[in-house]
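Beneath this line is the structure, given in structure tokens, with notes to follow.
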Amino acid sequence: MLFRSEHKARRQDVLVDEHTLFTFYDQIIPQGIVNGASFEHWRKEAEAGVPRLLYLTKDALMRHGAAGVTEAQFPESFELDGVTLKLKYRFEPGHPLDGVTSIVPLALLNQLNPTQAEWLVPGMVREKLTALIKSLPKALRRVCVPVPDFVTGFLEQANHQQPLLPALAEYIQQKTGLKLSVEDFDLSAVTDHLLMNFRIVDEKQHELATGRDWNALKAQLGSAAQLTFRSNSPSIEKTGLKQWDFGDLPKTLNFTKDSHQLTGYPALEDNKENVAVKLFDTEAAAQKAHRLGVARLMRFELKEQMKQLEKGLPQFNQYALLLRNLISPDDLREEMLLAISDRAFIGEDDLPRTNAEFMNLKQRARTRLPAVVDATARLATSIAQEYQALTQKLNTLPGNMARVKKEVEEQLNLLLPKRFFSATPWERLQHIPRYLKALKLRLDKYPNSVERDTRSAQTVQMIWQRWQDKVSNLRKANAEVSVALEDYRWLVEELRVSLFAQELKTPFPVSAKRLDKIWEEMKS
């Protein structure tokens with residue numbers, strides 16, 4: 001039986017075992033009480049003389065179940081990324097707030113990494129670890145026994161700064177020799193109270209949202225968090241810039257807001273007509289914006305060269321005509337200028353933070369620009385020619401090739417979305433013509449190799465689908481897609497070449513087994 005109490009010093013749920021309750025009431029309630037009616041008759045008479053007869057005293061309440069309820073086990077606050085956050089506890093199974101809730105100021109939402117919150121508090125983490133171990137498949141679960149001792153061993157050597165699931169998976173593997181990954185844990189078997197609940201509040205402590213999915217909260221309130229973060233922040237932001245005349249730009253800027261120490265990330269922001277200095281609340285967002293902002297500012301700095309390119313990119317009309325069904329000439333021109341600006345003006349160089357660094361970059365950019373323009377024009381010509389050949393082939397396919405036609409069209413849309421020139425990394429862009437050629441070769445070969453094509457298609461589809469599912473789930477959760485996962489997408493393209501157009505060759509050995517191995521390594 002569960003009983004709830006409230007301490008004067010702090011709110012805390014207490015578990016009282018059945019033995020405590022039965023012993024307490026056994027000493028008071030006569031043995032002749034056998035049903036509700038007799039109990040109510042006795043209670044009214046008994047409480048007339050002693051109104052609080054059936055109340056548990058604090059000493060009786062604390063006798064058994066609350067022995068482990070200490071400040072160390074259930075603290076009133078904890079640190080997340082160096083920031084102290086208040087904690088609230090509630091014991092009410094089925095209630096949305098059951099468990100432990102962390103109070104998070106809105107301005108900190110984008111700044112904090114919730115990894116440490118996976119460990120809950122010392123008084124709850126053992127129960128969570130036990131539930132996670134019991135959620136494993138039987139073959140893995142049965143070697144983690146006895147579970148209490150296994151949990152103790154893990155906690156004795158655990159680093160609470162690391163993500164919990166990978167750390168537990170690694171420990172189990174070390175102790176048992178069995179291979180497993182975080183995906184082996186059935187998280188649906190872990191009840192909500194074993195996940196930290198986050199309550200997002202504004203500057204007046206009004207609740208804006210609550211939930212146990214940090215990424216979902218960021219998706220909901222991330223933009224508002226950025227605006228709140230910037231309000232009353234140090235005056236570094238500027239707008240309407242077309243040259244580097246605003247002094248040095250620090251990588252970070254520390255300041256205090258509502259008694260919390262915050263770190264801002266100043267960066268340039270591309271507003272197309274001009275550039276602004278903006279304070280971001282995450283380094284990743286700042287880096288992404290700063291690269292675009294530097295490229296735009298360099299376009300203003302090298303305006304004469306850019307005017308010439310805007311008037312006429314080399315052989316523009318030829319490839320714009322071939323790609324007209326894919327992208328309009330105006331959009332294609334701007335896409336190519338974005339790609340040229342990024343590659344020629346920045347490339348692999350460090351992003352500038354001072355006027356001197358920017359001017360040094362300008363000299364290198366001026367030198368690189370002609371070669372990059374020529375390379376981009378040749379690439380556009382090659383892509384356009386392969387696109388034209390492929391689409392002509394698709395338009396003449398017989399009805400019995402409907403399946404393979406659908407698969408090739410789907411792949412074509414993935415390789416050449418509307419913004420493919422600026423959205424595709426430069427080093428990957430160079431391979432697009434070969435991938436398009438491979439698609440056409442597949443169609444050419446299909447009538448004489450239907451069975452082989454079908455087997456290869458099934459192999460690729462399985463590998464592609466698991467990648468797509470993983471990325472889709474991450475994006476739905478507003479979570480980051482790792483560089484390794486992004487790179488894997490291009491490994492699948494090379495696998496397609498090796499299976500459907502071997503004569504085109506791949507830059508390195510590739511096979512389904514190799515991709516399976518890499519996938520398993522990414523999971524661990």
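Residues in the structure tokens are numbered from 1 in each chain, the chains being A, B, ... in the order shown, and ligands are numbered from 1 in the order shown.
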
Please provide as a PyMOL selection string all residues within 9 Å of Tyr171 (chain A), with the sequence filter that same-chain residues fewer than 5 positions apart are discarded (counting only C-alpha atoms).
chain A and resi 154+158+166+176

Residues of the last selection are to be written out with N, CA, C and O atoms, as an mmCIF file, in the first residue's frame.
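Writing the result to again.cif gives the following:
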data_model
loop_
_atom_site.group_PDB
_atom_site.id
_atom_site.type_symbol
_atom_site.label_atom_id
_atom_site.label_comp_id
_atom_site.auth_asym_id
_atom_site.auth_seq_id
_atom_site.Cartn_x
_atom_site.Cartn_y
_atom_site.Cartn_z
ATOM 1 N N PHE A 154 27.092 -1.168 -11.863
ATOM 2 C CA PHE A 154 27.102 -0.124 -12.886
ATOM 3 C C PHE A 154 27.224 1.256 -12.260
ATOM 4 O O PHE A 154 28.024 2.094 -12.697
ATOM 5 N N ALA A 158 29.929 4.422 -12.894
ATOM 6 C CA ALA A 158 29.280 5.239 -13.927
ATOM 7 C C ALA A 158 29.715 6.704 -13.851
ATOM 8 O O ALA A 158 29.972 7.246 -12.782
ATOM 9 N N PRO A 166 23.827 4.605 -23.630
ATOM 10 C CA PRO A 166 25.098 4.078 -24.156
ATOM 11 C C PRO A 166 26.022 3.576 -23.053
ATOM 12 O O PRO A 166 26.714 2.570 -23.233
ATOM 13 N N THR A 176 29.294 -9.053 -19.811
ATOM 14 C CA THR A 176 28.730 -10.300 -20.329
ATOM 15 C C THR A 176 29.385 -10.776 -21.611
ATOM 16 O O THR A 176 29.260 -11.951 -21.974
#

Residues near Thr282 (chain A), cut-off 7 Å, only C-alpha atoms, skip fewer than 2 positions along chain, as a PDB file with N, CA, C and O atoms, in the first residue's frame:
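Now in part.pdb:
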ATOM      1  N   ASN A 110      17.253  26.391 -25.241  1.00  0.00           N
ATOM      2  CA  ASN A 110      18.129  26.015 -26.354  1.00  0.00           C
ATOM      3  C   ASN A 110      19.568  25.811 -25.912  1.00  0.00           C
ATOM      4  O   ASN A 110      20.360  25.200 -26.632  1.00  0.00           O
ATOM      5  N   GLN A 111      19.921  26.346 -24.746  1.00  0.00           N
ATOM      6  CA  GLN A 111      21.307  26.316 -24.296  1.00  0.00           C
ATOM      7  C   GLN A 111      21.701  25.004 -23.628  1.00  0.00           C
ATOM      8  O   GLN A 111      22.839  24.562 -23.740  1.00  0.00           O
ATOM      9  N   TYR A 265      26.329  33.489 -28.470  1.00  0.00           N
ATOM     10  CA  TYR A 265      27.250  33.222 -29.584  1.00  0.00           C
ATOM     11  C   TYR A 265      26.993  34.247 -30.693  1.00  0.00           C
ATOM     12  O   TYR A 265      26.076  34.084 -31.494  1.00  0.00           O
ATOM     13  N   PHE A 280      23.170  34.526 -30.888  1.00  0.00           N
ATOM     14  CA  PHE A 280      22.479  33.242 -30.901  1.00  0.00           C
ATOM     15  C   PHE A 280      22.644  32.537 -29.558  1.00  0.00           C
ATOM     16  O   PHE A 280      23.614  32.774 -28.826  1.00  0.00           O
ATOM     17  N   ALA A 284      25.864  25.859 -32.569  1.00  0.00           N
ATOM     18  CA  ALA A 284      25.567  25.268 -33.874  1.00  0.00           C
ATOM     19  C   ALA A 284      24.791  26.252 -34.750  1.00  0.00           C
ATOM     20  O   ALA A 284      25.099  26.431 -35.934  1.00  0.00           O
ATOM     21  N   ALA A 285      23.776  26.902 -34.180  1.00  0.00           N
ATOM     22  CA  ALA A 285      22.987  27.870 -34.949  1.00  0.00           C
ATOM     23  C   ALA A 285      23.839  29.062 -35.358  1.00  0.00           C
ATOM     24  O   ALA A 285      23.709  29.592 -36.470  1.00  0.00           O
ATOM     25  N   ALA A 286      24.718  29.481 -34.449  1.00  0.00           N
ATOM     26  CA  ALA A 286      25.591  30.615 -34.754  1.00  0.00           C
ATOM     27  C   ALA A 286      26.552  30.284 -35.890  1.00  0.00           C
ATOM     28  O   ALA A 286      26.759  31.098 -36.799  1.00  0.00           O
TER      29      ALA A 286
END

Please provide the set of residues having any atom within 9 Å of Ala72 (chain A), restricted to only C-alpha atoms, with same-chain residues fewer than 6 positions apart removed, written as a PyMOL selection string.
chain A and resi 121-123

I'd like to know which residues of region 162-403 of chain A are alpha helix (DSSP H) (by DSSP, run on the backbone); could you write them as a ChimeraX atom specification?
/A:164-176,214-230,283-301,303-311,316-322,329-345,355-394,402-403

In terms of only C-alpha atoms, the residue from A:Ser135, A:Asn35, A:Ser181, A:Gln161 at minimal distance from Glu520 (chain A) is A:Ser181

Residues near Leu106 (chain A), cut-off 8 Å, only C-alpha atoms, skip fewer than 6 positions along chain, as a PyMOL selection string:
chain A and resi 200-203+221+224-225+228-229

So that I have them on file, write out the residues from the current selection with N, CA and C atoms, as a PDB file, in the first residue's frame.
ATOM      1  N   ILE A 200       8.717  24.290 -18.425  1.00  0.00           N
ATOM      2  CA  ILE A 200       9.317  25.492 -18.981  1.00  0.00           C
ATOM      3  C   ILE A 200       8.528  26.702 -18.505  1.00  0.00           C
ATOM      4  N   VAL A 201       9.236  27.665 -17.906  1.00  0.00           N
ATOM      5  CA  VAL A 201       8.561  28.829 -17.327  1.00  0.00           C
ATOM      6  C   VAL A 201       9.141  30.117 -17.911  1.00  0.00           C
ATOM      7  N   ASP A 202       8.325  31.175 -17.926  1.00  0.00           N
ATOM      8  CA  ASP A 202       8.804  32.475 -18.395  1.00  0.00           C
ATOM      9  C   ASP A 202       9.454  33.234 -17.250  1.00  0.00           C
ATOM     10  N   GLU A 203       9.756  34.514 -17.482  1.00  0.00           N
ATOM     11  CA  GLU A 203      10.471  35.299 -16.476  1.00  0.00           C
ATOM     12  C   GLU A 203       9.656  35.518 -15.204  1.00  0.00           C
ATOM     13  N   LEU A 221       8.998  25.592 -28.442  1.00  0.00           N
ATOM     14  CA  LEU A 221       9.315  26.889 -27.843  1.00  0.00           C
ATOM     15  C   LEU A 221      10.699  27.410 -28.193  1.00  0.00           C
ATOM     16  N   ALA A 224      10.812  31.069 -29.376  1.00  0.00           N
ATOM     17  CA  ALA A 224      10.504  31.965 -28.255  1.00  0.00           C
ATOM     18  C   ALA A 224      11.674  32.024 -27.281  1.00  0.00           C
ATOM     19  N   ALA A 225      12.348  30.882 -27.101  1.00  0.00           N
ATOM     20  CA  ALA A 225      13.514  30.846 -26.213  1.00  0.00           C
ATOM     21  C   ALA A 225      14.627  31.734 -26.736  1.00  0.00           C
ATOM     22  N   THR A 228      13.660  35.358 -26.086  1.00  0.00           N
ATOM     23  CA  THR A 228      13.794  35.659 -24.663  1.00  0.00           C
ATOM     24  C   THR A 228      15.253  35.765 -24.267  1.00  0.00           C
ATOM     25  N   PHE A 229      16.059  34.889 -24.823  1.00  0.00           N
ATOM     26  CA  PHE A 229      17.500  34.895 -24.553  1.00  0.00           C
ATOM     27  C   PHE A 229      18.112  36.235 -24.958  1.00  0.00           C
TER      28      PHE A 229
END

When you count only C-alpha atoms, which of these residues is closest to Gly211 (chain A): A:Val104, A:Leu253, A:Leu292, A:Ala484?
A:Val104

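Minimum distance to Gln318 (chain A) across A:Ile383, A:Ala375, A:Val145, A:Ala267 (counting only C-alpha atoms) occurs at A:Ile383.
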
Just want the 7 Å neighbourhood of Lys88 (chain A), counted on only C-alpha atoms, with same-chain residues fewer than 2 positions away dropped. Output as a list in words.
Lys86, Arg90, Val100, Thr101 and Ser102 of chain A

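Using only C-alpha atoms, the contacts of region 323-333 of chain A at a cut-off of 7 Å, with sequence neighbours closer than 3 positions omitted, comprise Tyr319, Ala320, Met336, Leu337, Ala384 and Lys418 of chain A.
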
Those same residues - N, CA, C and O atoms - I'd like them written as a PDB file, in the first residue's frame.
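See selection34.pdb below for the written result:
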ATOM      1  N   TYR A 319      22.562  25.187 -69.966  1.00  0.00           N
ATOM      2  CA  TYR A 319      22.126  24.252 -68.921  1.00  0.00           C
ATOM      3  C   TYR A 319      20.841  24.728 -68.242  1.00  0.00           C
ATOM      4  O   TYR A 319      20.066  23.904 -67.739  1.00  0.00           O
ATOM      5  N   ALA A 320      20.578  26.018 -68.232  1.00  0.00           N
ATOM      6  CA  ALA A 320      19.310  26.486 -67.668  1.00  0.00           C
ATOM      7  C   ALA A 320      18.131  25.965 -68.485  1.00  0.00           C
ATOM      8  O   ALA A 320      17.078  25.621 -67.937  1.00  0.00           O
ATOM      9  N   MET A 336      23.244  28.810 -57.934  1.00  0.00           N
ATOM     10  CA  MET A 336      24.647  28.683 -58.335  1.00  0.00           C
ATOM     11  C   MET A 336      25.509  29.766 -57.697  1.00  0.00           C
ATOM     12  O   MET A 336      26.642  29.504 -57.266  1.00  0.00           O
ATOM     13  N   LEU A 337      24.969  30.973 -57.560  1.00  0.00           N
ATOM     14  CA  LEU A 337      25.723  32.052 -56.917  1.00  0.00           C
ATOM     15  C   LEU A 337      25.945  31.754 -55.437  1.00  0.00           C
ATOM     16  O   LEU A 337      27.006  32.060 -54.882  1.00  0.00           O
ATOM     17  N   ALA A 384      23.085  18.886 -66.038  1.00  0.00           N
ATOM     18  CA  ALA A 384      21.976  19.142 -66.961  1.00  0.00           C
ATOM     19  C   ALA A 384      21.927  18.104 -68.075  1.00  0.00           C
ATOM     20  O   ALA A 384      20.850  17.610 -68.450  1.00  0.00           O
ATOM     21  N   LYS A 418      14.785  21.036 -55.539  1.00  0.00           N
ATOM     22  CA  LYS A 418      14.837  22.359 -56.168  1.00  0.00           C
ATOM     23  C   LYS A 418      16.100  23.133 -55.789  1.00  0.00           C
ATOM     24  O   LYS A 418      16.696  23.811 -56.622  1.00  0.00           O
TER      25      LYS A 418
END

Please list as a PyMOL selection string every residue within 8 Å of region 458-460 of chain A, counting only C-alpha atoms and excluding residues in the same chain fewer than 4 positions away.
chain A and resi 454+464+492+495-496+512

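Taking CA of Arg52 (chain A) as the reference point, CA of Glu40 (chain A) is found at 14.9 Å.
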